[in-house]
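Structure first, then comments.
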Amino acid sequence: MLNSNLSLNLQGVSKTYPGGVQALQDINLQIGRGMFGLLGPNGAGKSTLMRTIATLQQPDSGAITFNNIDVLRDPSALRRVLGYLPQEFGAYPRTSALTMLKHLAALKGIHGPQQQTVVESLLHKTNLWEARDKSIDKFSGGMKQRYGIAQALLGNPSLLIVDEPTAGLDPAERRRFQNILAEVGEETVVILSTHIVDDVKELCSQVGIMGRGRILNVGQ
Ligand code: ADP
Ligand code: MG
């Protein structure tokens, strides 16, 4: 598949918030297929960086490309290939996982028998098949995060961004979540932010350490 050439590039990306916090300071990164771990303490700028790549906010300067997409000039092209799980997911619907995923699939233009296949396979992949008829707002923290991944994977994104997805999960759930991501990471670019070293230690092919708006180190 063409996916072997996947590449996300950031050049000189900077962002200062009104009030003066320099959340991103000249970020330069090249990220290929596999799992990239963005490790850093609270306030390092991880969520700002991820929202910027996800086209939810604009940097003050710099350039971002994903394959041949100019992300800042053509955000809608990026959104078509993006799956994003924000740090704050907000309210959880009082709807079953099955119904909600079908609804979201329809919004992405996936209909009919294909919709059934896609939704069922995502429920299996995220270990939510048994809980598919349960209301999402009654899910445990780990189940909610797995549901979040299922909805982020709708439409088969080639870029998946997950922001602190394991925060608050117990070790067993964290491991379960890591295994799902590892499977996804074989075919896509996955960027995972975390402040937990254990999340990146075994899973990630590359790790970037972030502090005070800067990438301090990138290692294998
Ligand atoms: P992380 O996700 O690593 O915790 P953030 O990107 O959330 O880091 O925040 C980086 C810095 O930018 C912090 O100092 C934070 O307080 C500040 N910040 C984040 N969002 C905003 C905002 N909307 N307005 C002003 N400052 C912000
Ligand atoms: Mg954050």
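Each chain in the structure tokens gets a letter, A, B, ..., in the order shown, and its residues are numbered from 1; ligands are numbered from 1 in order too.
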
Check every protein, DNA and RNA residue against ligand 2, keep those with an atom at most 10 Å away (counting only C-alpha atoms and all ligand atoms), and present them as a PDB file with C-alpha atoms, in the first residue's frame.
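So the final result, stored in part-v4.pdb, reads:
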```pdb
ATOM      1  CA  GLY A  40       5.819  15.742  28.731  1.00  0.00           C
ATOM      2  CA  PRO A  41       4.472  17.170  31.964  1.00  0.00           C
ATOM      3  CA  ASN A  42       1.282  19.222  32.284  1.00  0.00           C
ATOM      4  CA  GLY A  43       1.632  22.581  30.597  1.00  0.00           C
ATOM      5  CA  ALA A  44       4.356  21.412  28.193  1.00  0.00           C
ATOM      6  CA  GLY A  45       2.240  22.291  25.161  1.00  0.00           C
ATOM      7  CA  LYS A  46       1.154  18.790  24.088  1.00  0.00           C
ATOM      8  CA  SER A  47      -2.555  19.576  23.662  1.00  0.00           C
ATOM      9  CA  THR A  48      -1.769  22.829  21.867  1.00  0.00           C
ATOM     10  CA  LEU A  49       0.462  20.940  19.432  1.00  0.00           C
ATOM     11  CA  MET A  50      -2.152  18.258  18.839  1.00  0.00           C
ATOM     12  CA  ARG A  51      -5.008  20.715  18.323  1.00  0.00           C
ATOM     13  CA  PRO A  86      -9.250  15.071  22.392  1.00  0.00           C
ATOM     14  CA  GLN A  87      -8.058  15.182  25.996  1.00  0.00           C
ATOM     15  CA  GLU A  88     -11.414  16.567  27.108  1.00  0.00           C
ATOM     16  CA  ASP A 163      -4.345  13.237  23.559  1.00  0.00           C
ATOM     17  CA  GLU A 164      -3.593  11.725  27.005  1.00  0.00           C
ATOM     18  CA  SER A 193       0.520  12.294  24.096  1.00  0.00           C
ATOM     19  CA  THR A 194       1.044  11.273  27.677  1.00  0.00           C
ATOM     20  CA  HIS A 195       2.792  12.180  30.892  1.00  0.00           C
TER      21      HIS A 195
END
```

- Message: What's around Val119 (chain A) at 12 Å? Count only C-alpha atoms, leave out sequence neighbours fewer than 2 positions away in its own chain, and write the answer as a count of residues only.
- Response: 35

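Using only C-alpha atoms and all ligand atoms for every distance, the candidate list A:Cys204, A:Ala23, A:Ile215, A:Leu38 yields A:Ala23 as the residue closest to ligand 1.
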
- Using only C-alpha atoms, which of A:Asn68, A:Thr166, A:Ser140, A:Asn179 sits nearest Asn5 (chain A)? A:Asn68

- Note on the structure: Residue with the minimum atom-to-atom distance to Ile53 (chain A), picked from A:Thr188, A:Gln220, A:Gln22, A:Asn9 with only C-alpha atoms counted, is A:Asn9

- For Leu8 (chain A): contacts at 7 Å, only C-alpha atoms, fewer than 5 positions along chain excluded, given as a ChimeraX atom specification: /A:30-32,65-67

Write a file of the just-selected residues containing C-alpha atoms, as a PDB file, in the first residue's frame.
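Output contents, as saved in again-v5.pdb:
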```pdb
ATOM      1  CA  GLN A  30       9.218  14.587  11.107  1.00  0.00           C
ATOM      2  CA  ILE A  31       6.921  11.698  11.955  1.00  0.00           C
ATOM      3  CA  GLY A  32       6.441   8.563   9.862  1.00  0.00           C
ATOM      4  CA  THR A  65       2.355  19.051   5.847  1.00  0.00           C
ATOM      5  CA  PHE A  66       0.887  15.559   5.900  1.00  0.00           C
ATOM      6  CA  ASN A  67       1.968  13.664   2.786  1.00  0.00           C
TER       7      ASN A  67
END
```
